[in-house]
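In what follows, a structure is listed as structure tokens, so that the remarks can point back to it.
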Amino acid sequence: MPRPARPALLALATLSASLAACGASGRGDCPGDTIGVFDLAGTRNLASDPADPTIPACPPETGFDEAPIAFSGTLSSDAGTSGAAFCSGRDHAETLFGSRSGDAVHLEATTSGAILGGCGTCAAELTIILDGTVQRDSAGAATGFGGSYIERMRRIEGDCGTCPLPCDARYDVTGAPAP
């Protein structure tokens, strides 16, 4: 069974800030015009990110395993600009913001305060990145999504022991329109 997409363990202050900022980003709460609501599923890809091949895959000590992920959310855009957003239906999830060029999107959000227990006494910054392309039918309706979902960890303080930071937990994701 796929595990829900989740960042590494977050400090309580970070979760509180996320709740105050956007609560649970439900399907109807995403800013802009809805492009589509997608059920996304992904498998772990241990290869380096082609956009930044110097960053290795995160080892199990960072809290990431090779289990598949599954989550849903709304992809939206601002018709007047190149702005875009992805709002997950998961509790406490931050809205990802970024840009759109045609049907291609690059979205991300960064938070500080992730605690990596398997890496000594290390505090880290977590950046969630969703890159991909919306697929459409001949009438222009969104029929799917394909791309990558990355959870990138960077050391901000403490001793990370043998954990290589920065590191990525990268997943190849595909999505179908949610019912």
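How things are named: the first chain in the structure tokens is A, the next is B, and so on; residues count from 1 in each chain; ligands count from 1 in the order shown.
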
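Backbone DSSP of range 4-147 of chain A yields helix (DSSP H, G or I) at Leu12, Ala13, Thr14, Leu15, Ser16, Ala17, Ser18, Leu19, Ala20, Ala21, Cys22, Pro60, Glu61, Thr62, Gly117, Gly118 and Cys119 of chain A.
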
Serialized selection, all heavy atoms, as an mmCIF file, in the first residue's frame:
data_model
loop_
_atom_site.group_PDB
_atom_site.id
_atom_site.type_symbol
_atom_site.label_atom_id
_atom_site.label_comp_id
_atom_site.auth_asym_id
_atom_site.auth_seq_id
_atom_site.Cartn_x
_atom_site.Cartn_y
_atom_site.Cartn_z
ATOM 1 N N LEU A 12 7.239 21.203 16.190
ATOM 2 C CA LEU A 12 5.900 21.678 16.509
ATOM 3 C C LEU A 12 5.670 23.116 16.050
ATOM 4 O O LEU A 12 4.609 23.448 15.541
ATOM 5 C CB LEU A 12 5.658 21.557 18.016
ATOM 6 C CG LEU A 12 4.273 21.938 18.519
ATOM 7 C CD1 LEU A 12 3.202 21.106 17.819
ATOM 8 C CD2 LEU A 12 4.198 21.743 20.014
ATOM 9 N N ALA A 13 6.654 23.973 16.190
ATOM 10 C CA ALA A 13 6.500 25.363 15.771
ATOM 11 C C ALA A 13 6.224 25.468 14.274
ATOM 12 O O ALA A 13 5.433 26.301 13.839
ATOM 13 C CB ALA A 13 7.739 26.171 16.127
ATOM 14 N N THR A 14 6.864 24.626 13.487
ATOM 15 C CA THR A 14 6.650 24.654 12.047
ATOM 16 C C THR A 14 5.231 24.233 11.712
ATOM 17 O O THR A 14 4.570 24.827 10.874
ATOM 18 C CB THR A 14 7.656 23.732 11.334
ATOM 19 O OG1 THR A 14 8.967 24.165 11.678
ATOM 20 C CG2 THR A 14 7.477 23.767 9.835
ATOM 21 N N LEU A 15 4.742 23.184 12.389
ATOM 22 C CA LEU A 15 3.374 22.743 12.138
ATOM 23 C C LEU A 15 2.375 23.825 12.528
ATOM 24 O O LEU A 15 1.414 24.065 11.817
ATOM 25 C CB LEU A 15 3.078 21.453 12.916
ATOM 26 C CG LEU A 15 3.739 20.201 12.375
ATOM 27 C CD1 LEU A 15 3.471 19.019 13.300
ATOM 28 C CD2 LEU A 15 3.272 19.894 10.978
ATOM 29 N N SER A 16 2.613 24.486 13.644
ATOM 30 C CA SER A 16 1.715 25.549 14.070
ATOM 31 C C SER A 16 1.689 26.687 13.060
ATOM 32 O O SER A 16 0.641 27.235 12.753
ATOM 33 C CB SER A 16 2.138 26.095 15.435
ATOM 34 O OG SER A 16 2.047 25.074 16.398
ATOM 35 N N ALA A 17 2.854 27.049 12.534
ATOM 36 C CA ALA A 17 2.912 28.111 11.533
ATOM 37 C C ALA A 17 2.166 27.702 10.277
ATOM 38 O O ALA A 17 1.457 28.506 9.666
ATOM 39 C CB ALA A 17 4.366 28.443 11.200
ATOM 40 N N SER A 18 2.279 26.434 9.872
ATOM 41 C CA SER A 18 1.571 25.959 8.689
ATOM 42 C C SER A 18 0.068 26.033 8.893
ATOM 43 O O SER A 18 -0.679 26.410 7.993
ATOM 44 C CB SER A 18 1.961 24.514 8.376
ATOM 45 O OG SER A 18 3.306 24.440 8.024
ATOM 46 N N LEU A 19 -0.389 25.661 10.088
ATOM 47 C CA LEU A 19 -1.821 25.712 10.368
ATOM 48 C C LEU A 19 -2.343 27.138 10.293
ATOM 49 O O LEU A 19 -3.395 27.392 9.725
ATOM 50 C CB LEU A 19 -2.103 25.144 11.758
ATOM 51 C CG LEU A 19 -2.107 23.635 11.864
ATOM 52 C CD1 LEU A 19 -2.180 23.212 13.327
ATOM 53 C CD2 LEU A 19 -3.261 23.054 11.091
ATOM 54 N N ALA A 20 -1.600 28.060 10.863
ATOM 55 C CA ALA A 20 -2.042 29.449 10.858
ATOM 56 C C ALA A 20 -2.024 30.035 9.455
ATOM 57 O O ALA A 20 -2.876 30.839 9.094
ATOM 58 C CB ALA A 20 -1.144 30.279 11.778
ATOM 59 N N ALA A 21 -1.062 29.616 8.650
ATOM 60 C CA ALA A 21 -0.912 30.192 7.317
ATOM 61 C C ALA A 21 -1.984 29.723 6.362
ATOM 62 O O ALA A 21 -2.539 30.505 5.610
ATOM 63 C CB ALA A 21 0.469 29.841 6.758
ATOM 64 N N CYS A 22 -2.292 28.408 6.365
ATOM 65 C CA CYS A 22 -3.237 27.962 5.357
ATOM 66 C C CYS A 22 -4.100 26.805 5.796
ATOM 67 O O CYS A 22 -4.879 26.302 4.997
ATOM 68 C CB CYS A 22 -2.514 27.608 4.053
ATOM 69 S SG CYS A 22 -1.214 26.379 4.227
ATOM 70 N N PRO A 60 17.980 5.998 4.206
ATOM 71 C CA PRO A 60 16.896 5.680 5.145
ATOM 72 C C PRO A 60 17.004 6.417 6.485
ATOM 73 O O PRO A 60 15.973 6.694 7.107
ATOM 74 C CB PRO A 60 17.029 4.165 5.343
ATOM 75 C CG PRO A 60 17.709 3.678 4.113
ATOM 76 C CD PRO A 60 18.635 4.790 3.690
ATOM 77 N N GLU A 61 18.214 6.765 6.939
ATOM 78 C CA GLU A 61 18.378 7.465 8.223
ATOM 79 C C GLU A 61 17.631 8.790 8.251
ATOM 80 O O GLU A 61 17.320 9.304 9.320
ATOM 81 C CB GLU A 61 19.861 7.735 8.517
ATOM 82 C CG GLU A 61 20.701 6.511 8.714
ATOM 83 C CD GLU A 61 21.242 5.945 7.396
ATOM 84 O OE1 GLU A 61 20.805 6.363 6.309
ATOM 85 O OE2 GLU A 61 22.098 5.064 7.452
ATOM 86 N N THR A 62 17.371 9.384 7.097
ATOM 87 C CA THR A 62 16.681 10.671 7.050
ATOM 88 C C THR A 62 15.166 10.511 7.159
ATOM 89 O O THR A 62 14.441 11.498 7.182
ATOM 90 C CB THR A 62 17.022 11.432 5.755
ATOM 91 O OG1 THR A 62 16.714 10.607 4.640
ATOM 92 C CG2 THR A 62 18.479 11.837 5.727
ATOM 93 N N GLY A 117 16.001 12.555 13.183
ATOM 94 C CA GLY A 117 16.451 11.772 14.321
ATOM 95 C C GLY A 117 17.521 10.755 13.999
ATOM 96 O O GLY A 117 18.382 10.480 14.821
ATOM 97 N N GLY A 118 17.492 10.175 12.803
ATOM 98 C CA GLY A 118 18.480 9.177 12.422
ATOM 99 C C GLY A 118 19.807 9.776 12.015
ATOM 100 O O GLY A 118 20.736 9.056 11.664
ATOM 101 N N CYS A 119 19.912 11.102 12.051
ATOM 102 C CA CYS A 119 21.127 11.795 11.603
ATOM 103 C C CYS A 119 21.804 12.520 12.751
ATOM 104 O O CYS A 119 22.345 13.612 12.581
ATOM 105 C CB CYS A 119 20.780 12.787 10.504
ATOM 106 S SG CYS A 119 20.090 12.045 9.029
#

Q | Nearby residues (only C-alpha atoms) at most 7 Å from range 130-138 of chain A, same-chain spacing under 2 positions excluded, as a PyMOL selection string | A | chain A and resi 103-108+128+140-150

Selected residues written out, all heavy atoms, as a CSV table (one decimal), in the first residue's frame:
chain,number,residue,atom,x,y,z
A,103,ASP,N,1.5,24.1,-20.2
A,103,ASP,CA,1.0,23.1,-19.3
A,103,ASP,C,2.1,22.6,-18.3
A,103,ASP,O,1.8,21.7,-17.5
A,103,ASP,CB,0.4,21.9,-20.1
A,103,ASP,CG,-0.9,22.2,-20.7
A,103,ASP,OD1,-1.7,23.0,-20.0
A,103,ASP,OD2,-1.2,21.7,-21.8
A,104,ALA,N,3.3,23.2,-18.4
A,104,ALA,CA,4.4,22.8,-17.5
A,104,ALA,C,4.3,23.7,-16.2
A,104,ALA,O,4.1,24.9,-16.3
A,104,ALA,CB,5.7,22.9,-18.2
A,105,VAL,N,4.5,23.0,-15.1
A,105,VAL,CA,4.5,23.8,-13.8
A,105,VAL,C,5.8,23.4,-13.0
A,105,VAL,O,6.3,22.3,-13.1
A,105,VAL,CB,3.3,23.5,-12.9
A,105,VAL,CG1,2.0,24.0,-13.6
A,105,VAL,CG2,3.2,22.0,-12.6
A,106,HIS,N,6.2,24.4,-12.2
A,106,HIS,CA,7.3,24.2,-11.2
A,106,HIS,C,6.8,24.9,-10.0
A,106,HIS,O,6.5,26.1,-9.9
A,106,HIS,CB,8.6,24.9,-11.7
A,106,HIS,CG,9.6,24.8,-10.6
A,106,HIS,ND1,10.4,23.7,-10.3
A,106,HIS,CD2,9.9,25.7,-9.6
A,106,HIS,CE1,11.2,24.0,-9.3
A,106,HIS,NE2,10.9,25.2,-8.8
A,107,LEU,N,6.6,24.1,-8.9
A,107,LEU,CA,6.0,24.6,-7.7
A,107,LEU,C,6.8,24.2,-6.5
A,107,LEU,O,7.4,23.1,-6.5
A,107,LEU,CB,4.5,24.0,-7.5
A,107,LEU,CG,3.7,24.2,-8.7
A,107,LEU,CD1,2.5,23.2,-8.8
A,107,LEU,CD2,3.1,25.6,-8.8
A,108,GLU,N,6.9,25.0,-5.5
A,108,GLU,CA,7.6,24.6,-4.3
A,108,GLU,C,7.2,25.4,-3.0
A,108,GLU,O,6.6,26.4,-3.1
A,108,GLU,CB,9.1,24.7,-4.5
A,108,GLU,CG,9.7,26.0,-4.8
A,108,GLU,CD,11.2,26.0,-5.1
A,108,GLU,OE1,11.6,25.4,-6.2
A,108,GLU,OE2,11.9,26.5,-4.2
A,128,ILE,N,9.8,21.2,-0.6
A,128,ILE,CA,9.0,20.3,-1.4
A,128,ILE,C,8.9,20.9,-2.8
A,128,ILE,O,8.6,22.1,-3.0
A,128,ILE,CB,7.5,20.2,-0.8
A,128,ILE,CG1,7.6,19.8,0.6
A,128,ILE,CG2,6.7,19.3,-1.7
A,128,ILE,CD1,8.0,18.4,0.9
A,140,GLY,N,-9.2,20.1,-24.7
A,140,GLY,CA,-8.4,21.0,-23.7
A,140,GLY,C,-8.7,20.7,-22.3
A,140,GLY,O,-8.1,21.3,-21.4
A,141,ALA,N,-9.5,19.7,-21.9
A,141,ALA,CA,-9.7,19.3,-20.5
A,141,ALA,C,-8.5,18.5,-20.0
A,141,ALA,O,-7.9,17.7,-20.7
A,141,ALA,CB,-11.0,18.4,-20.4
A,142,ALA,N,-8.1,18.8,-18.7
A,142,ALA,CA,-7.0,18.1,-18.1
A,142,ALA,C,-7.4,16.7,-17.9
A,142,ALA,O,-8.4,16.4,-17.3
A,142,ALA,CB,-6.7,18.8,-16.8
A,143,THR,N,-6.5,15.8,-18.4
A,143,THR,CA,-6.8,14.3,-18.2
A,143,THR,C,-5.7,13.6,-17.4
A,143,THR,O,-5.9,12.4,-17.1
A,143,THR,CB,-6.8,13.7,-19.6
A,143,THR,OG1,-5.5,13.9,-20.3
A,143,THR,CG2,-7.9,14.2,-20.5
A,144,GLY,N,-4.7,14.3,-17.0
A,144,GLY,CA,-3.6,13.7,-16.2
A,144,GLY,C,-2.5,14.6,-15.9
A,144,GLY,O,-2.5,15.8,-16.3
A,145,PHE,N,-1.5,14.1,-15.1
A,145,PHE,CA,-0.4,14.9,-14.8
A,145,PHE,C,0.8,13.9,-14.7
A,145,PHE,O,0.7,12.8,-14.2
A,145,PHE,CB,-0.6,15.5,-13.4
A,145,PHE,CG,0.6,16.4,-12.9
A,145,PHE,CD1,0.7,17.7,-13.3
A,145,PHE,CD2,1.6,15.9,-12.1
A,145,PHE,CE1,1.7,18.5,-12.9
A,145,PHE,CE2,2.7,16.6,-11.7
A,145,PHE,CZ,2.7,17.9,-12.1
A,146,GLY,N,2.0,14.4,-15.1
A,146,GLY,CA,3.2,13.5,-15.0
A,146,GLY,C,4.4,14.4,-14.7
A,146,GLY,O,4.5,15.5,-15.2
A,147,GLY,N,5.2,13.9,-13.8
A,147,GLY,CA,6.4,14.7,-13.4
A,147,GLY,C,7.1,14.1,-12.3
A,147,GLY,O,7.2,12.9,-12.1
A,148,SER,N,7.7,15.0,-11.4
A,148,SER,CA,8.4,14.6,-10.2
A,148,SER,C,8.0,15.3,-9.0
A,148,SER,O,7.6,16.5,-9.1
A,148,SER,CB,9.9,14.7,-10.5
A,148,SER,OG,10.3,16.1,-10.6
A,149,TYR,N,8.1,14.6,-7.9
A,149,TYR,CA,7.9,15.2,-6.6
A,149,TYR,C,9.1,15.0,-5.8
A,149,TYR,O,9.6,13.9,-5.7
A,149,TYR,CB,6.7,14.5,-5.9
A,149,TYR,CG,6.4,14.8,-4.5
A,149,TYR,CD1,5.6,15.9,-4.2
A,149,TYR,CD2,6.9,14.1,-3.4
A,149,TYR,CE1,5.4,16.3,-2.8
A,149,TYR,CE2,6.7,14.4,-2.1
A,149,TYR,CZ,5.9,15.5,-1.8
A,149,TYR,OH,5.7,15.9,-0.5
A,150,ILE,N,9.7,16.1,-5.2
A,150,ILE,CA,11.0,16.0,-4.5
A,150,ILE,C,10.8,16.6,-3.1
A,150,ILE,O,10.3,17.7,-2.9
A,150,ILE,CB,12.1,16.7,-5.3
A,150,ILE,CG1,12.3,16.2,-6.7
A,150,ILE,CG2,13.4,16.7,-4.5
A,150,ILE,CD1,13.2,17.0,-7.6

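In this model, the gap between CA of Ala114 in chain A and CA of Leu126 in chain A comes to 6.5 Å.
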
I'd like a table as a tab-separated table: residues in range 67-179 of chain A with an atom no more than 7 Å from range 49-56 of chain A, each row giving the shortest atom pair and its distance in Å to one decimal, only C-alpha atoms counted, sorted by chain and rising residue number.
residue	atom	partner	partner_atom	distance
A:Pro166	CA	A:Ile55	CA	6.2
A:Cys167	CA	A:Pro56	CA	5.1
A:Asp168	CA	A:Pro56	CA	6.2

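Residue nearest Ile69 in chain A within the list A:Ala109, A:Phe97, A:Ala178, A:Gly42: A:Gly42 [criterion: smallest interatomic distance, only C-alpha atoms].
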
(Q) So that I can check the surroundings of Cys87 in chain A, please list as a PyMOL selection string every protein, DNA and RNA residue that reaches within 6 Å of it, counting only C-alpha atoms and ignoring chain neighbours fewer than 5 positions away. (A) chain A and resi 25+30+73-74+95

Please produce a file of the residues just selected, as an mmCIF file, in the first residue's frame, where the atoms kept are N, CA, C and O atoms.
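Saved to part-v1.cif:
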data_model
loop_
_atom_site.group_PDB
_atom_site.id
_atom_site.type_symbol
_atom_site.label_atom_id
_atom_site.label_comp_id
_atom_site.auth_asym_id
_atom_site.auth_seq_id
_atom_site.Cartn_x
_atom_site.Cartn_y
_atom_site.Cartn_z
ATOM 1 N N SER A 25 -5.194 22.627 3.264
ATOM 2 C CA SER A 25 -5.454 23.142 1.922
ATOM 3 C C SER A 25 -6.386 22.190 1.194
ATOM 4 O O SER A 25 -5.950 21.248 0.572
ATOM 5 N N CYS A 30 -7.760 26.424 -3.127
ATOM 6 C CA CYS A 30 -6.567 26.773 -3.880
ATOM 7 C C CYS A 30 -6.788 28.086 -4.633
ATOM 8 O O CYS A 30 -7.808 28.252 -5.307
ATOM 9 N N GLY A 73 -4.648 16.564 -4.809
ATOM 10 C CA GLY A 73 -4.658 18.005 -4.632
ATOM 11 C C GLY A 73 -5.145 18.729 -5.866
ATOM 12 O O GLY A 73 -5.370 18.130 -6.924
ATOM 13 N N THR A 74 -5.300 20.016 -5.688
ATOM 14 C CA THR A 74 -5.781 20.893 -6.746
ATOM 15 C C THR A 74 -4.619 21.669 -7.335
ATOM 16 O O THR A 74 -3.831 22.268 -6.597
ATOM 17 N N THR A 95 0.678 25.077 0.934
ATOM 18 C CA THR A 95 0.423 25.257 -0.488
ATOM 19 C C THR A 95 1.752 25.468 -1.194
ATOM 20 O O THR A 95 2.602 26.213 -0.726
#

Q | Sel. of strand (DSSP E or B) residues, range 62-116 of chain A, as a PyMOL selection string | A | chain A and resi 69-77+83-88+96-101+104-116

Could you dump the residues just selected with N, CA, C and O atoms as a tab-separated table (two decimals), in the first residue's frame?
chain	number	residue	atom	x	y	z
A	69	ILE	N	4.35	6.61	-2.86
A	69	ILE	CA	3.57	7.67	-2.23
A	69	ILE	C	2.26	7.85	-2.98
A	69	ILE	O	2.14	7.47	-4.15
A	70	ALA	N	1.27	8.42	-2.32
A	70	ALA	CA	0.00	8.74	-2.95
A	70	ALA	C	-0.62	9.93	-2.23
A	70	ALA	O	-0.59	10.00	-1.00
A	71	PHE	N	-1.12	10.89	-2.98
A	71	PHE	CA	-1.77	12.06	-2.41
A	71	PHE	C	-2.61	12.71	-3.50
A	71	PHE	O	-2.50	12.38	-4.67
A	72	SER	N	-3.47	13.61	-3.11
A	72	SER	CA	-4.29	14.31	-4.10
A	72	SER	C	-4.23	15.80	-3.83
A	72	SER	O	-3.80	16.23	-2.76
A	73	GLY	N	-4.65	16.56	-4.81
A	73	GLY	CA	-4.66	18.01	-4.63
A	73	GLY	C	-5.15	18.73	-5.87
A	73	GLY	O	-5.37	18.13	-6.92
A	74	THR	N	-5.30	20.02	-5.69
A	74	THR	CA	-5.78	20.89	-6.75
A	74	THR	C	-4.62	21.67	-7.34
A	74	THR	O	-3.83	22.27	-6.60
A	75	LEU	N	-4.52	21.66	-8.64
A	75	LEU	CA	-3.54	22.46	-9.37
A	75	LEU	C	-4.30	23.64	-9.95
A	75	LEU	O	-5.32	23.47	-10.61
A	76	SER	N	-3.80	24.85	-9.68
A	76	SER	CA	-4.48	26.05	-10.17
A	76	SER	C	-3.46	27.03	-10.73
A	76	SER	O	-2.26	26.88	-10.54
A	77	SER	N	-3.99	28.03	-11.43
A	77	SER	CA	-3.11	29.06	-11.98
A	77	SER	C	-3.85	30.39	-12.01
A	77	SER	O	-5.06	30.46	-11.86
A	83	GLY	N	1.76	32.64	-12.69
A	83	GLY	CA	1.71	32.04	-11.36
A	83	GLY	C	0.87	30.78	-11.32
A	83	GLY	O	-0.11	30.63	-12.05
A	84	ALA	N	1.26	29.84	-10.43
A	84	ALA	CA	0.53	28.59	-10.26
A	84	ALA	C	0.62	28.16	-8.80
A	84	ALA	O	1.48	28.63	-8.05
A	85	ALA	N	-0.28	27.25	-8.40
A	85	ALA	CA	-0.29	26.73	-7.03
A	85	ALA	C	-0.77	25.29	-7.04
A	85	ALA	O	-1.51	24.87	-7.94
A	86	PHE	N	-0.34	24.52	-6.02
A	86	PHE	CA	-0.83	23.17	-5.80
A	86	PHE	C	-1.24	23.08	-4.35
A	86	PHE	O	-0.44	23.36	-3.45
A	87	CYS	N	-2.48	22.72	-4.10
A	87	CYS	CA	-3.02	22.63	-2.75
A	87	CYS	C	-3.39	21.18	-2.48
A	87	CYS	O	-4.29	20.64	-3.12
A	88	SER	N	-2.70	20.57	-1.56
A	88	SER	CA	-2.96	19.18	-1.20
A	88	SER	C	-4.13	19.12	-0.24
A	88	SER	O	-4.36	20.04	0.53
A	96	LEU	N	1.93	24.78	-2.32
A	96	LEU	CA	3.12	24.97	-3.13
A	96	LEU	C	2.83	26.07	-4.14
A	96	LEU	O	1.77	26.05	-4.78
A	97	PHE	N	3.73	27.02	-4.29
A	97	PHE	CA	3.56	28.11	-5.24
A	97	PHE	C	4.70	28.10	-6.24
A	97	PHE	O	5.80	27.65	-5.93
A	98	GLY	N	4.45	28.62	-7.42
A	98	GLY	CA	5.50	28.69	-8.42
A	98	GLY	C	4.99	29.25	-9.72
A	98	GLY	O	4.16	30.15	-9.74
A	99	SER	N	5.47	28.64	-10.80
A	99	SER	CA	5.18	29.20	-12.12
A	99	SER	C	4.63	28.14	-13.07
A	99	SER	O	4.80	26.94	-12.86
A	100	ARG	N	3.98	28.64	-14.10
A	100	ARG	CA	3.39	27.82	-15.15
A	100	ARG	C	3.84	28.38	-16.48
A	100	ARG	O	3.87	29.58	-16.69
A	101	SER	N	4.21	27.49	-17.40
A	101	SER	CA	4.53	27.88	-18.76
A	101	SER	C	3.79	26.90	-19.66
A	101	SER	O	4.20	25.74	-19.79
A	104	ALA	N	3.28	23.16	-18.39
A	104	ALA	CA	4.36	22.78	-17.48
A	104	ALA	C	4.32	23.65	-16.24
A	104	ALA	O	4.08	24.86	-16.32
A	105	VAL	N	4.52	23.03	-15.07
A	105	VAL	CA	4.53	23.77	-13.81
A	105	VAL	C	5.78	23.43	-13.00
A	105	VAL	O	6.31	22.32	-13.08
A	106	HIS	N	6.24	24.43	-12.22
A	106	HIS	CA	7.29	24.24	-11.23
A	106	HIS	C	6.77	24.92	-9.97
A	106	HIS	O	6.55	26.13	-9.95
A	107	LEU	N	6.56	24.12	-8.92
A	107	LEU	CA	5.96	24.61	-7.68
A	107	LEU	C	6.81	24.16	-6.50
A	107	LEU	O	7.37	23.06	-6.52
A	108	GLU	N	6.89	24.99	-5.45
A	108	GLU	CA	7.64	24.58	-4.28
A	108	GLU	C	7.25	25.37	-3.05
A	108	GLU	O	6.61	26.41	-3.14
A	109	ALA	N	7.64	24.83	-1.90
A	109	ALA	CA	7.47	25.49	-0.60
A	109	ALA	C	8.62	25.02	0.28
A	109	ALA	O	9.03	23.86	0.21
A	110	THR	N	9.13	25.91	1.12
A	110	THR	CA	10.25	25.60	2.01
A	110	THR	C	9.85	25.90	3.44
A	110	THR	O	9.19	26.91	3.71
A	111	THR	N	10.26	25.03	4.34
A	111	THR	CA	10.03	25.24	5.76
A	111	THR	C	11.28	24.83	6.53
A	111	THR	O	12.02	23.95	6.10
A	112	SER	N	11.53	25.49	7.63
A	112	SER	CA	12.66	25.15	8.50
A	112	SER	C	12.13	24.42	9.72
A	112	SER	O	10.99	24.62	10.12
A	113	GLY	N	12.97	23.60	10.30
A	113	GLY	CA	12.60	22.94	11.53
A	113	GLY	C	12.38	21.46	11.42
A	113	GLY	O	11.89	20.85	12.36
A	114	ALA	N	12.72	20.84	10.30
A	114	ALA	CA	12.63	19.38	10.22
A	114	ALA	C	13.69	18.79	11.13
A	114	ALA	O	14.80	19.29	11.21
A	115	ILE	N	13.33	17.75	11.85
A	115	ILE	CA	14.25	17.09	12.77
A	115	ILE	C	14.54	15.71	12.22
A	115	ILE	O	13.64	14.91	12.01
A	116	LEU	N	15.79	15.43	11.96
A	116	LEU	CA	16.20	14.16	11.39
A	116	LEU	C	16.82	13.30	12.48
A	116	LEU	O	18.02	13.33	12.70
